[in-house]
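One file, run19.tsv, carrying TSV, C-alpha atoms:
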chain	number	residue	atom	x	y	z
A	1	MET	CA	61.32	139.16	100.11
A	2	GLN	CA	63.22	142.06	98.64
A	3	ASN	CA	63.22	144.88	101.21
A	4	GLN	CA	66.11	147.03	100.04
A	5	PRO	CA	65.33	149.87	97.64
A	6	ILE	CA	66.45	147.99	94.54
A	7	TYR	CA	64.11	147.06	91.73
A	8	LYS	CA	64.19	146.29	88.05
A	9	LYS	CA	62.82	148.92	85.73
A	10	GLU	CA	61.54	146.25	83.38
A	11	PHE	CA	59.50	144.69	86.19
A	12	ILE	CA	57.83	148.04	86.87
A	13	ALA	CA	57.20	148.57	83.17
A	14	LEU	CA	55.66	145.12	82.84
A	15	MET	CA	53.36	145.55	85.84
A	16	ALA	CA	52.30	148.96	84.57
A	17	SER	CA	51.66	147.50	81.12
A	18	LEU	CA	49.47	144.74	82.54
A	19	MET	CA	47.35	147.33	84.31
A	20	SER	CA	47.34	149.57	81.23
A	21	ILE	CA	45.37	146.93	79.29
A	22	VAL	CA	42.55	147.70	81.71
A	23	ALA	CA	42.90	151.47	81.30
A	24	ILE	CA	42.99	151.50	77.50
A	25	SER	CA	40.00	149.14	77.28
A	26	ILE	CA	38.01	151.65	79.32
A	27	ASP	CA	39.25	155.03	78.12
A	28	ALA	CA	39.74	154.41	74.39
A	29	LEU	CA	36.01	153.75	74.13
A	30	LEU	CA	34.94	157.09	75.65
A	31	PRO	CA	34.77	159.10	72.37
A	32	ALA	CA	32.76	156.29	70.77
A	33	LEU	CA	29.92	156.16	73.32
A	34	PRO	CA	27.48	158.28	71.23
A	35	GLU	CA	28.20	156.22	68.09
A	36	ILE	CA	27.74	152.92	69.92
A	37	GLY	CA	24.52	154.19	71.47
A	38	ALA	CA	23.27	155.26	68.06
A	39	ALA	CA	24.20	151.89	66.54
A	40	PHE	CA	22.00	150.14	69.11
A	41	ASN	CA	19.21	152.77	69.02
A	42	VAL	CA	19.82	153.87	72.61
A	43	THR	CA	17.79	157.04	73.20
A	44	ASN	CA	18.90	157.87	76.75
A	45	PRO	CA	22.55	159.09	76.81
A	46	ALA	CA	22.84	157.99	80.47
A	47	GLU	CA	22.51	154.37	79.29
A	48	ASN	CA	25.77	154.76	77.37
A	49	GLN	CA	27.56	155.30	80.70
A	50	LYS	CA	26.95	151.62	81.48
A	51	LEU	CA	29.51	150.72	78.81
A	52	ILE	CA	32.06	152.20	81.22
A	53	THR	CA	30.66	151.38	84.65
A	54	MET	CA	29.71	147.75	83.92
A	55	ILE	CA	33.23	146.77	82.94
A	56	PHE	CA	34.15	147.73	86.50
A	57	LEU	CA	31.50	145.32	87.78
A	58	GLY	CA	33.27	142.52	85.94
A	59	LEU	CA	36.61	143.74	87.26
A	60	GLY	CA	35.28	143.51	90.80
A	61	PHE	CA	33.83	140.00	90.63
A	62	GLY	CA	36.62	138.58	88.49
A	63	GLN	CA	39.21	139.36	91.13
A	64	LEU	CA	37.46	136.96	93.52
A	65	ILE	CA	38.24	134.18	91.06
A	66	PHE	CA	41.76	134.96	89.92
A	67	GLY	CA	43.22	136.24	93.20
A	68	PRO	CA	42.64	133.08	95.28
A	69	LEU	CA	43.49	130.79	92.34
A	70	SER	CA	46.80	132.61	91.86
A	71	ASP	CA	47.73	131.88	95.49
A	72	SER	CA	47.33	128.17	94.72
A	73	PHE	CA	48.46	127.78	91.10
A	74	GLY	CA	50.82	130.71	90.58
A	75	ARG	CA	50.48	134.19	89.17
A	76	LYS	CA	51.34	133.72	85.50
A	77	PRO	CA	48.77	131.04	84.52
A	78	MET	CA	45.96	133.26	85.80
A	79	VAL	CA	47.10	136.13	83.57
A	80	TYR	CA	46.92	133.86	80.50
A	81	ILE	CA	43.43	132.60	81.38
A	82	GLY	CA	42.19	136.12	82.06
A	83	PHE	CA	43.46	137.41	78.73
A	84	ALA	CA	41.73	134.54	76.88
A	85	ILE	CA	38.42	135.56	78.49
A	86	PHE	CA	39.09	139.18	77.51
A	87	VAL	CA	39.60	138.19	73.85
A	88	ILE	CA	36.34	136.19	73.78
A	89	ALA	CA	34.47	139.07	75.39
A	90	SER	CA	35.92	141.57	72.90
A	91	PHE	CA	34.58	139.57	69.97
A	92	ILE	CA	31.16	139.39	71.64
A	93	CYS	CA	31.16	143.22	71.77
A	94	ILE	CA	32.25	143.46	68.13
A	95	THR	CA	29.70	141.01	66.68
A	96	THR	CA	26.58	141.51	68.81
A	97	LYS	CA	23.45	143.24	67.54
A	98	SER	CA	22.00	143.77	71.01
A	99	PHE	CA	22.87	146.54	73.48
A	100	GLU	CA	22.15	144.17	76.37
A	101	MET	CA	24.63	141.66	74.94
A	102	MET	CA	27.13	144.50	74.52
A	103	ILE	CA	26.77	145.24	78.24
A	104	PHE	CA	27.30	141.53	78.97
A	105	GLY	CA	30.42	141.60	76.80
A	106	ARG	CA	31.78	144.57	78.74
A	107	ILE	CA	31.15	142.78	82.05
A	108	LEU	CA	32.93	139.70	80.66
A	109	GLN	CA	35.79	141.92	79.48
A	110	GLY	CA	36.05	143.19	83.04
A	111	ILE	CA	36.20	139.65	84.41
A	112	GLY	CA	39.05	138.81	82.06
A	113	LEU	CA	40.91	142.07	82.76
A	114	SER	CA	40.59	141.56	86.51
A	115	SER	CA	43.34	138.98	86.17
A	116	PRO	CA	46.21	141.25	85.03
A	117	ARG	CA	44.94	144.00	87.35
A	118	THR	CA	44.92	141.76	90.44
A	119	ILE	CA	47.96	139.68	89.59
A	120	SER	CA	50.17	142.71	88.96
A	121	ILE	CA	49.45	143.97	92.48
A	122	ALA	CA	50.00	140.52	93.97
A	123	MET	CA	53.33	140.19	92.14
A	124	ILE	CA	54.44	143.58	93.50
A	125	ARG	CA	53.46	142.45	97.01
A	126	ASP	CA	55.37	139.18	96.46
A	127	SER	CA	58.50	141.21	95.79
A	128	PHE	CA	58.28	144.33	97.99
A	129	SER	CA	56.85	145.62	101.26
A	130	GLY	CA	56.36	148.81	103.28
A	131	ASP	CA	56.95	152.26	101.81
A	132	LEU	CA	59.07	150.72	99.05
A	133	MET	CA	55.98	148.82	97.92
A	134	ALA	CA	54.08	152.11	98.00
A	135	LYS	CA	56.79	153.67	95.84
A	136	ILE	CA	56.59	150.85	93.28
A	137	LEU	CA	52.80	150.98	93.25
A	138	SER	CA	52.90	154.75	92.77
A	139	ILE	CA	55.15	154.38	89.73
A	140	VAL	CA	52.94	151.61	88.31
A	141	VAL	CA	49.76	153.60	88.95
A	142	MET	CA	51.38	156.65	87.36
A	143	PHE	CA	51.79	154.82	84.06
A	144	PHE	CA	48.33	153.32	84.48
A	145	ILE	CA	46.91	156.83	84.91
A	146	LEU	CA	48.90	158.26	82.00
A	147	ILE	CA	47.10	155.91	79.60
A	148	PRO	CA	43.95	158.11	79.72
A	149	ILE	CA	46.06	160.97	78.37
A	150	VAL	CA	46.43	159.19	75.04
A	151	ALA	CA	43.66	156.56	75.04
A	152	PRO	CA	40.68	158.83	74.19
A	153	THR	CA	42.71	160.53	71.46
A	154	PHE	CA	43.71	157.11	70.14
A	155	GLY	CA	40.06	156.01	70.24
A	156	GLN	CA	38.97	159.20	68.45
A	157	LEU	CA	41.58	158.63	65.73
A	158	LEU	CA	40.38	155.07	65.13
A	159	LEU	CA	36.80	156.32	65.12
A	160	ASN	CA	37.61	158.96	62.50
A	161	LEU	CA	39.51	156.54	60.28
A	162	PHE	CA	37.42	153.38	60.71
A	163	ASP	CA	34.56	152.57	63.10
A	164	TRP	CA	33.97	151.88	66.79
A	165	GLN	CA	34.54	148.12	66.37
A	166	THR	CA	38.16	148.86	65.42
A	167	ILE	CA	38.77	150.12	68.96
A	168	PHE	CA	38.05	146.63	70.30
A	169	TYR	CA	40.39	145.03	67.74
A	170	ALA	CA	43.15	147.48	68.67
A	171	ASN	CA	42.72	146.68	72.39
A	172	VAL	CA	43.13	142.96	71.71
A	173	ILE	CA	46.29	143.54	69.64
A	174	PHE	CA	47.75	145.82	72.31
A	175	GLY	CA	46.99	143.23	75.01
A	176	ALA	CA	48.54	140.42	72.96
A	177	PHE	CA	51.79	142.36	72.67
A	178	ILE	CA	51.91	142.90	76.45
A	179	LEU	CA	51.12	139.22	77.07
A	180	LEU	CA	53.96	138.08	74.80
A	181	TRP	CA	56.40	140.36	76.65
A	182	PHE	CA	55.11	139.07	79.99
A	183	TRP	CA	55.48	135.43	78.90
A	184	LYS	CA	59.02	135.88	77.62
A	185	ARG	CA	60.52	138.12	80.31
A	186	GLN	CA	58.66	137.87	83.64
A	187	PRO	CA	59.50	134.98	85.99
A	188	GLU	CA	56.93	133.59	88.39
A	189	THR	CA	57.03	135.51	91.69
A	190	LEU	CA	55.17	132.98	93.84
A	191	THR	CA	57.36	129.91	94.40
A	192	LYS	CA	55.74	126.51	94.83
A	193	GLN	CA	56.83	126.42	98.47
A	194	LYS	CA	54.77	129.55	99.23
A	195	ARG	CA	51.60	128.48	97.45
A	196	ILE	CA	48.43	127.77	99.40
A	197	LYS	CA	46.84	124.38	98.84
A	198	PHE	CA	43.64	124.83	96.88
A	199	THR	CA	40.43	123.93	98.68
A	200	PRO	CA	36.82	124.90	97.97
A	201	THR	CA	36.95	127.07	101.11
A	202	ILE	CA	40.15	128.93	100.18
A	203	PHE	CA	38.32	132.19	99.64
A	204	LEU	CA	36.40	131.95	102.91
A	205	THR	CA	39.62	131.20	104.78
A	206	GLY	CA	41.32	134.15	103.09
A	207	LEU	CA	38.38	136.43	103.89
A	208	LYS	CA	38.56	135.52	107.57
A	209	GLU	CA	42.27	136.30	107.54
A	210	PHE	CA	41.70	139.57	105.65
A	211	ILE	CA	39.18	140.98	108.14
A	212	ARG	CA	41.59	140.34	111.01
A	213	TYR	CA	43.52	143.42	109.92
A	214	LYS	CA	41.59	146.65	110.49
A	215	GLU	CA	44.03	148.62	108.32
A	216	ALA	CA	43.34	146.32	105.36
A	217	VAL	CA	39.58	146.72	105.80
A	218	ALA	CA	39.77	150.49	106.42
A	219	PHE	CA	41.91	151.32	103.41
A	220	THR	CA	39.87	149.03	101.19
A	221	LEU	CA	36.81	151.09	102.09
A	222	THR	CA	38.60	154.38	101.42
A	223	SER	CA	39.71	152.96	98.05
A	224	GLY	CA	36.07	152.22	97.26
A	225	PHE	CA	34.96	155.76	98.11
A	226	ILE	CA	37.64	157.42	95.99
A	227	THR	CA	37.41	154.91	93.13
A	228	GLY	CA	33.64	155.40	93.00
A	229	SER	CA	34.04	159.17	92.88
A	230	PHE	CA	36.61	158.92	90.11
A	231	MET	CA	34.45	156.44	88.20
A	232	VAL	CA	31.62	158.97	88.15
A	233	TYR	CA	33.96	161.33	86.35
A	234	LEU	CA	35.09	158.63	83.92
A	235	SER	CA	31.54	157.66	83.00
A	236	THR	CA	30.21	161.24	82.70
A	237	SER	CA	33.22	163.09	81.29
A	238	GLN	CA	32.09	162.68	77.69
A	239	GLN	CA	28.66	164.04	78.59
A	240	ILE	CA	30.14	166.95	80.60
A	241	PHE	CA	32.60	168.15	77.98
A	242	GLN	CA	30.83	167.25	74.75
A	243	VAL	CA	27.23	167.96	75.77
A	244	GLN	CA	27.27	170.47	78.65
A	245	TYR	CA	30.27	172.44	77.37
A	246	ASP	CA	29.83	171.62	73.66
A	247	LEU	CA	33.53	170.92	73.08
A	248	GLY	CA	33.03	168.31	70.37
A	249	GLU	CA	36.24	166.63	69.28
A	250	LEU	CA	38.27	168.66	71.79
A	251	PHE	CA	37.04	166.24	74.46
A	252	PRO	CA	40.05	163.84	74.29
A	253	TYR	CA	42.48	166.70	74.85
A	254	ILE	CA	40.54	168.15	77.79
A	255	PHE	CA	40.27	164.67	79.28
A	256	ALA	CA	44.01	164.19	78.81
A	257	SER	CA	44.80	167.31	80.86
A	258	THR	CA	42.93	165.98	83.88
A	259	ALA	CA	44.65	162.62	83.53
A	260	PHE	CA	47.99	164.42	83.41
A	261	ALA	CA	47.23	165.99	86.81
A	262	VAL	CA	46.75	162.53	88.33
A	263	GLY	CA	49.85	161.19	86.61
A	264	PHE	CA	52.01	164.08	87.77
A	265	SER	CA	50.89	163.68	91.39
A	266	THR	CA	51.51	159.91	91.38
A	267	PHE	CA	55.00	160.64	90.07
A	268	THR	CA	55.48	163.20	92.84
A	269	ASN	CA	54.25	160.62	95.35
A	270	SER	CA	56.82	158.09	94.14
A	271	ARG	CA	59.56	160.66	94.81
A	272	PHE	CA	58.46	161.57	98.34
A	273	VAL	CA	56.75	158.49	99.78
A	274	MET	CA	59.98	157.01	101.14
A	275	ARG	CA	60.68	160.26	103.01
A	276	PHE	CA	57.25	161.11	104.42
A	277	GLY	CA	55.54	157.69	104.47
A	278	SER	CA	52.46	156.49	102.60
A	279	TYR	CA	50.16	156.93	105.60
A	280	ASN	CA	50.97	160.61	106.15
A	281	ILE	CA	50.76	161.48	102.45
A	282	ALA	CA	47.43	159.67	102.04
A	283	TYR	CA	46.00	161.44	105.12
A	284	TYR	CA	46.79	164.96	103.93
A	285	ALA	CA	45.78	164.17	100.36
A	286	THR	CA	42.39	162.97	101.64
A	287	ILE	CA	41.95	166.31	103.44
A	288	ALA	CA	42.81	168.15	100.21
A	289	PHE	CA	40.42	165.98	98.16
A	290	PHE	CA	37.56	166.78	100.53
A	291	ALA	CA	38.41	170.48	100.83
A	292	VAL	CA	38.59	171.15	97.07
A	293	SER	CA	35.26	169.48	96.35
A	294	LEU	CA	33.55	171.20	99.29
A	295	LEU	CA	34.82	174.58	98.06
A	296	TYR	CA	33.28	173.94	94.63
A	297	VAL	CA	29.93	172.97	96.18
A	298	ILE	CA	29.92	176.15	98.30
A	299	LEU	CA	30.81	178.42	95.38
A	300	PHE	CA	28.50	176.86	92.77
A	301	TYR	CA	25.66	175.45	94.87
A	302	SER	CA	23.13	176.94	92.42
A	303	GLY	CA	23.99	174.25	89.90
A	304	VAL	CA	24.97	176.69	87.14
A	305	ASN	CA	28.20	175.48	85.57
A	306	PRO	CA	31.20	177.81	85.87
A	307	SER	CA	33.30	178.81	82.88
A	308	LEU	CA	35.48	176.08	81.42
A	309	PRO	CA	38.77	177.50	82.83
A	310	VAL	CA	37.29	177.60	86.36
A	311	LEU	CA	35.95	174.06	86.04
A	312	MET	CA	39.30	172.82	84.77
A	313	LEU	CA	41.08	174.49	87.70
A	314	PHE	CA	38.90	172.59	90.16
A	315	PHE	CA	39.30	169.33	88.23
A	316	LEU	CA	43.08	169.71	88.15
A	317	MET	CA	43.24	170.36	91.91
A	318	GLN	CA	40.86	167.47	92.61
A	319	PHE	CA	42.75	164.98	90.49
A	320	PHE	CA	46.13	166.14	91.74
A	321	ALA	CA	44.91	165.07	95.21
A	322	ILE	CA	43.59	161.77	93.83
A	323	GLY	CA	47.04	160.90	92.47
A	324	PHE	CA	48.36	160.72	96.03
A	325	LEU	CA	45.56	158.35	97.06
A	326	PHE	CA	45.33	155.43	94.63
A	327	GLY	CA	48.76	153.85	95.17
A	328	ASN	CA	49.02	154.71	98.86
A	329	TYR	CA	45.56	153.39	99.77
A	330	ARG	CA	46.28	150.13	97.96
A	331	SER	CA	49.72	149.82	99.52
A	332	LEU	CA	48.41	150.48	103.04
A	333	ALA	CA	45.66	147.89	102.57
A	334	MET	CA	48.10	145.27	101.22
A	335	GLN	CA	50.88	145.85	103.76
A	336	PRO	CA	49.69	143.25	106.35
A	337	LEU	CA	48.60	140.74	103.68
A	338	GLY	CA	51.90	139.49	102.27
A	339	HIS	CA	51.09	135.88	103.26
A	340	ILE	CA	47.81	135.99	101.25
A	341	ALA	CA	48.77	138.53	98.58
A	342	GLY	CA	46.58	137.04	95.85
A	343	ILE	CA	43.46	136.71	97.97
A	344	GLY	CA	44.21	140.02	99.67
A	345	ALA	CA	44.51	141.87	96.34
A	346	ALA	CA	41.32	140.16	95.16
A	347	ILE	CA	39.25	141.13	98.19
A	348	ASN	CA	40.66	144.65	98.19
A	349	GLY	CA	39.91	145.08	94.49
A	350	PHE	CA	36.49	143.40	94.68
A	351	VAL	CA	35.19	145.43	97.61
A	352	SER	CA	36.52	148.77	96.34
A	353	THR	CA	35.24	148.15	92.81
A	354	VAL	CA	31.81	146.78	93.77
A	355	MET	CA	31.40	149.77	96.10
A	356	ALA	CA	32.38	152.07	93.24
A	357	VAL	CA	29.93	150.80	90.60
A	358	PRO	CA	26.67	151.73	92.38
A	359	ILE	CA	28.24	155.02	93.48
A	360	ALA	CA	29.08	155.83	89.86
A	361	ASN	CA	25.72	154.70	88.47
A	362	TYR	CA	23.71	156.62	91.07
A	363	ILE	CA	25.61	159.91	91.05
A	364	GLY	CA	26.19	159.72	87.29
A	365	SER	CA	22.42	159.67	86.72
A	366	PHE	CA	22.24	163.22	88.15
A	367	VAL	CA	25.07	164.63	86.01
A	368	THR	CA	22.81	165.66	83.14
A	369	THR	CA	22.77	169.46	82.96
A	370	SER	CA	25.21	170.38	85.74
A	371	VAL	CA	28.59	169.28	87.10
A	372	LEU	CA	27.48	170.03	90.68
A	373	PRO	CA	26.32	166.45	91.51
A	374	LEU	CA	29.81	165.19	90.62
A	375	PHE	CA	31.45	167.51	93.16
A	376	ILE	CA	28.79	166.74	95.77
A	377	GLY	CA	29.78	163.10	95.37
A	378	PHE	CA	33.46	164.00	95.68
A	379	SER	CA	32.81	165.90	98.91
A	380	VAL	CA	30.59	163.25	100.51
A	381	PHE	CA	32.96	160.38	99.86
A	382	GLY	CA	36.02	162.45	100.64
A	383	PHE	CA	34.45	163.17	104.03
A	384	LEU	CA	33.74	159.45	104.62
A	385	ALA	CA	37.36	158.58	103.74
A	386	LEU	CA	38.53	161.23	106.19
A	387	LEU	CA	36.30	159.76	108.92
A	388	ILE	CA	38.01	156.40	108.44
A	389	PHE	CA	41.41	158.02	108.99
A	390	VAL	CA	40.09	159.63	112.18
A	391	PHE	CA	38.81	156.25	113.36
A	392	LEU	CA	42.19	154.62	112.74
A	393	LYS	CA	44.02	157.41	114.55
A	394	LEU	CA	41.73	157.11	117.59
A	395	SER	CA	41.83	153.30	117.67
A	396	ASN	CA	45.65	153.23	117.47
A	397	ARG	CA	46.15	155.47	120.49
Take the structure in the file and write it out as structure tokens.
Amino acid sequence: MQNQPIYKKEFIALMASLMSIVAISIDALLPALPEIGAAFNVTNPAENQKLITMIFLGLGFGQLIFGPLSDSFGRKPMVYIGFAIFVIASFICITTKSFEMMIFGRILQGIGLSSPRTISIAMIRDSFSGDLMAKILSIVVMFFILIPIVAPTFGQLLLNLFDWQTIFYANVIFGAFILLWFWKRQPETLTKQKRIKFTPTIFLTGLKEFIRYKEAVAFTLTSGFITGSFMVYLSTSQQIFQVQYDLGELFPYIFASTAFAVGFSTFTNSRFVMRFGSYNIAYYATIAFFAVSLLYVILFYSGVNPSLPVLMLFFLMQFFAIGFLFGNYRSLAMQPLGHIAGIGAAINGFVSTVMAVPIANYIGSFVTTSVLPLFIGFSVFGFLALLIFVFLKLSNR
């Protein structure tokens, strides 16, 4: 294992690119949700949110397949298989005439994309540990988060020039380019000597090992709370900015500004995590996440939306805090799991994602005429994440 603070920039870029396939497949579609809904005669705008949330359902369950298999057969083959599933699912979405089949295609896309998402984290854990791993993950997550700055604008451009199906074609082409780069330049990080013999019970064995470590379980739960809160925003942002605030085609640019706040804070985290430690930064960022959302709820409890500049100020503060959480939570959960990195990343991703989907669907159903339910969700789950930190502090005394 490589413990000294030395790493290849191309490795980081590749891992970030693998994860960016996931981000662009989600965010580039945001401006097209009304058009897709209209194409399938969907009358309830809330139903369109499922095109975003259900891909996360596939991401969650797919990790349970690819994570354990990668511990037995290596990381790279699983990426290739996952991308093949993603391509098939994309063509289902392009050719279907049924909204239900479109939802199925998005779930299948998520299953395929769970491979590069999980494997990139496992490959980082194969190569690094401790706060250095947190630093690498912060840099990777930063690029992953920066994709939403350009993805909705990219999707809007394709929508203006062509149609919503073109967005799916573009995602496949983008993914194929990343896969070619990965195939040519990235060596396998899990040597044959370190692979776990495949058995039908490999997942059950890995699960038993995973739950032995309270930190892994605790920070997986906090990841689920924060991911769920953020997913509510992802699935309702188009409705908030285009419907509630009537911003029309300005939506991609407003969305980009909030994504920039997350990207900037993840970059800041990568600069300071080696000095202050991932645990300390995540703890104080969780306090900030809870405090900002609670302040909004107190100030705007009536449910009347504030002016756009005030809303954006709260969003920017909220997402600046989130940027310090994603990479650190994942790093803290993975730290004790180096010997089962594939299974560990799979369970961590599955639990946090499957927790997040019902959170997003439930809270998102209330975000119709007011942004208040979104911030109530932020405050509730921020508080629960903070309780987990308190539990860990008390149990480690």
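Among the candidate residues A:Met133, A:Leu234, A:Met274, A:Cys93, the one lying nearest to A:Leu30 is A:Leu234, with distances computed using all atoms listed in the file.
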Open item on the list: From the options A:Leu59, A:Met355, A:Leu247, A:Leu299, which residue's atoms come nearest to A:Met19, counting all atoms listed in the file?
Closed with: A:Leu59
- [ ] For each of A:Leu204, A:Val304, A:Ile26, A:Met231, take the minimum atom-to-atom distance to A:Val354, counting all atoms listed in the file, then give the residue where this is smallest.
- [x] A:Met231
Open item on the list: Which residues are close to stretch 236-244 of chain A, i.e. within 8 Å by all atoms listed in the file, leaving aside same-chain residues fewer than 5 positions away? Reply as a PyMOL selection string.
Closed with: chain A and resi 30-31+49+249+251+254-255+364+367-371
TODO: Give me, please, the distance in Å between atom CA of A:Ile94 and atom CA of A:Ile107, quoted to one decimal.
DONE: 14.0 Å
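Nearest to A:Val390 of all the residues A:Val140, A:Ile173, A:Ile322, A:Ala218 is A:Ala218, counting all atoms listed in the file.
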Sorted by chain and rising residue number, which residues of stretch 345-389 of chain A lie within 12 Å of stretch 310-319 of chain A, and what are their closest atom pairs and distances in Å to one decimal, counting all atoms listed in the file, as CSV?
residue,atom,partner,partner_atom,distance
A:Ser370,CA,A:Leu311,CA,11.4
A:Val371,CA,A:Leu311,CA,8.8
A:Leu372,CA,A:Leu311,CA,10.5
A:Leu374,CA,A:Phe315,CA,10.6
A:Phe375,CA,A:Gln318,CA,9.4
A:Phe378,CA,A:Gln318,CA,8.7
A:Ser379,CA,A:Gln318,CA,10.3
A:Gly382,CA,A:Gln318,CA,10.6
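Of the listed residues (A:Pro373, A:Pro358, A:Ala38, A:Ile178), A:Pro373 comes nearest to A:Ser302; the distances count all atoms listed in the file.
The protein and nucleic acid residues lying at most 10 Å from A:Thr227 are Leu221, Thr222, Ser223, Gly224, Phe230, Met231, Val232, Tyr233, Ile322, Leu325, Phe326, Ser352, Thr353, Val354, Met355, Ala356, Val357, Ile359, Ala360 and Phe381 of chain A, with all atoms listed in the file considered and sequence neighbours fewer than 3 positions away removed.
Proximity to A:Tyr283 was assessed for A:Ser257, A:Asn328, A:Ser115, A:Ser127 counting only C-alpha atoms; the smallest distance is recorded for A:Asn328.
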For a cut-off of 8 Å around (39.3, 155.1, 80.7), file coordinates, pick out all residues using all atoms listed in the file and list them as a compact mmCIF listing (two decimals) with C-alpha atoms, in the frame of the given file.
# COMPACT_ATOMS: atom_id res chain seq x y z
CA ALA A 23 42.90 151.47 81.30
CA ILE A 24 42.99 151.50 77.50
CA SER A 25 40.00 149.14 77.28
CA ILE A 26 38.01 151.65 79.32
CA ASP A 27 39.25 155.03 78.12
CA ALA A 28 39.74 154.41 74.39
CA LEU A 29 36.01 153.75 74.13
CA LEU A 30 34.94 157.09 75.65
CA ILE A 52 32.06 152.20 81.22
CA ILE A 147 47.10 155.91 79.60
CA PRO A 148 43.95 158.11 79.72
CA ALA A 151 43.66 156.56 75.04
CA PRO A 152 40.68 158.83 74.19
CA LEU A 234 35.09 158.63 83.92
- [ ] Please return, as a PyMOL selection string, all polymer residues that have at least one atom within 8 Å of the point (31.1, 142.6, 77.1); use only C-alpha atoms and the file's own coordinate frame.
- [x] chain A and resi 55+89-90+92-93+101-110
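For the pair atom CA of A:Leu18 and atom CA of A:Phe225, the separation is 24.0 Å.
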Open item on the list: as a VMD selection string, please: the residues near stretch 329-343 of chain A (cut-off 6 Å, all atoms listed in the file, same-chain neighbours under 3 positions excluded).
Closed with: chain A and resid 67 to 68 70 to 71 122 134 216 219 325 to 326 346
TODO: In Å, rounded to a single decimal, give me how far atom CA of A:Phe66 is from atom CA of A:Pro116.
DONE: 9.1 Å
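For A:Glu188, the non-local neighbours within 9 Å, defined as residues at least 6 positions apart in the same chain or in other chains and counting all atoms listed in the file, are Gly74, Arg75, Lys76 and Met123 of chain A.
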Hey, what's within 8 Å of A:Ile281 if we count all atoms listed in the file and toss same-chain stuff fewer than 6 positions away? As a tab-separated table (two decimals) with C-alpha atoms, keeping the file's coordinate frame, please?
chain	number	residue	atom	x	y	z
A	269	ASN	CA	54.25	160.62	95.35
A	273	VAL	CA	56.75	158.49	99.78
A	324	PHE	CA	48.36	160.72	96.03
A	328	ASN	CA	49.02	154.71	98.86
Axis-aligned box for all listed atoms of stretch 96-114 of chain A, 6 Å per side, centre and edges in Å to one decimal, as lines of an AutoDock Vina configuration file:
center_x = 31.5
center_y = 142.7
center_z = 77.0
size_x = 30.9
size_y = 19.7
size_z = 31.0
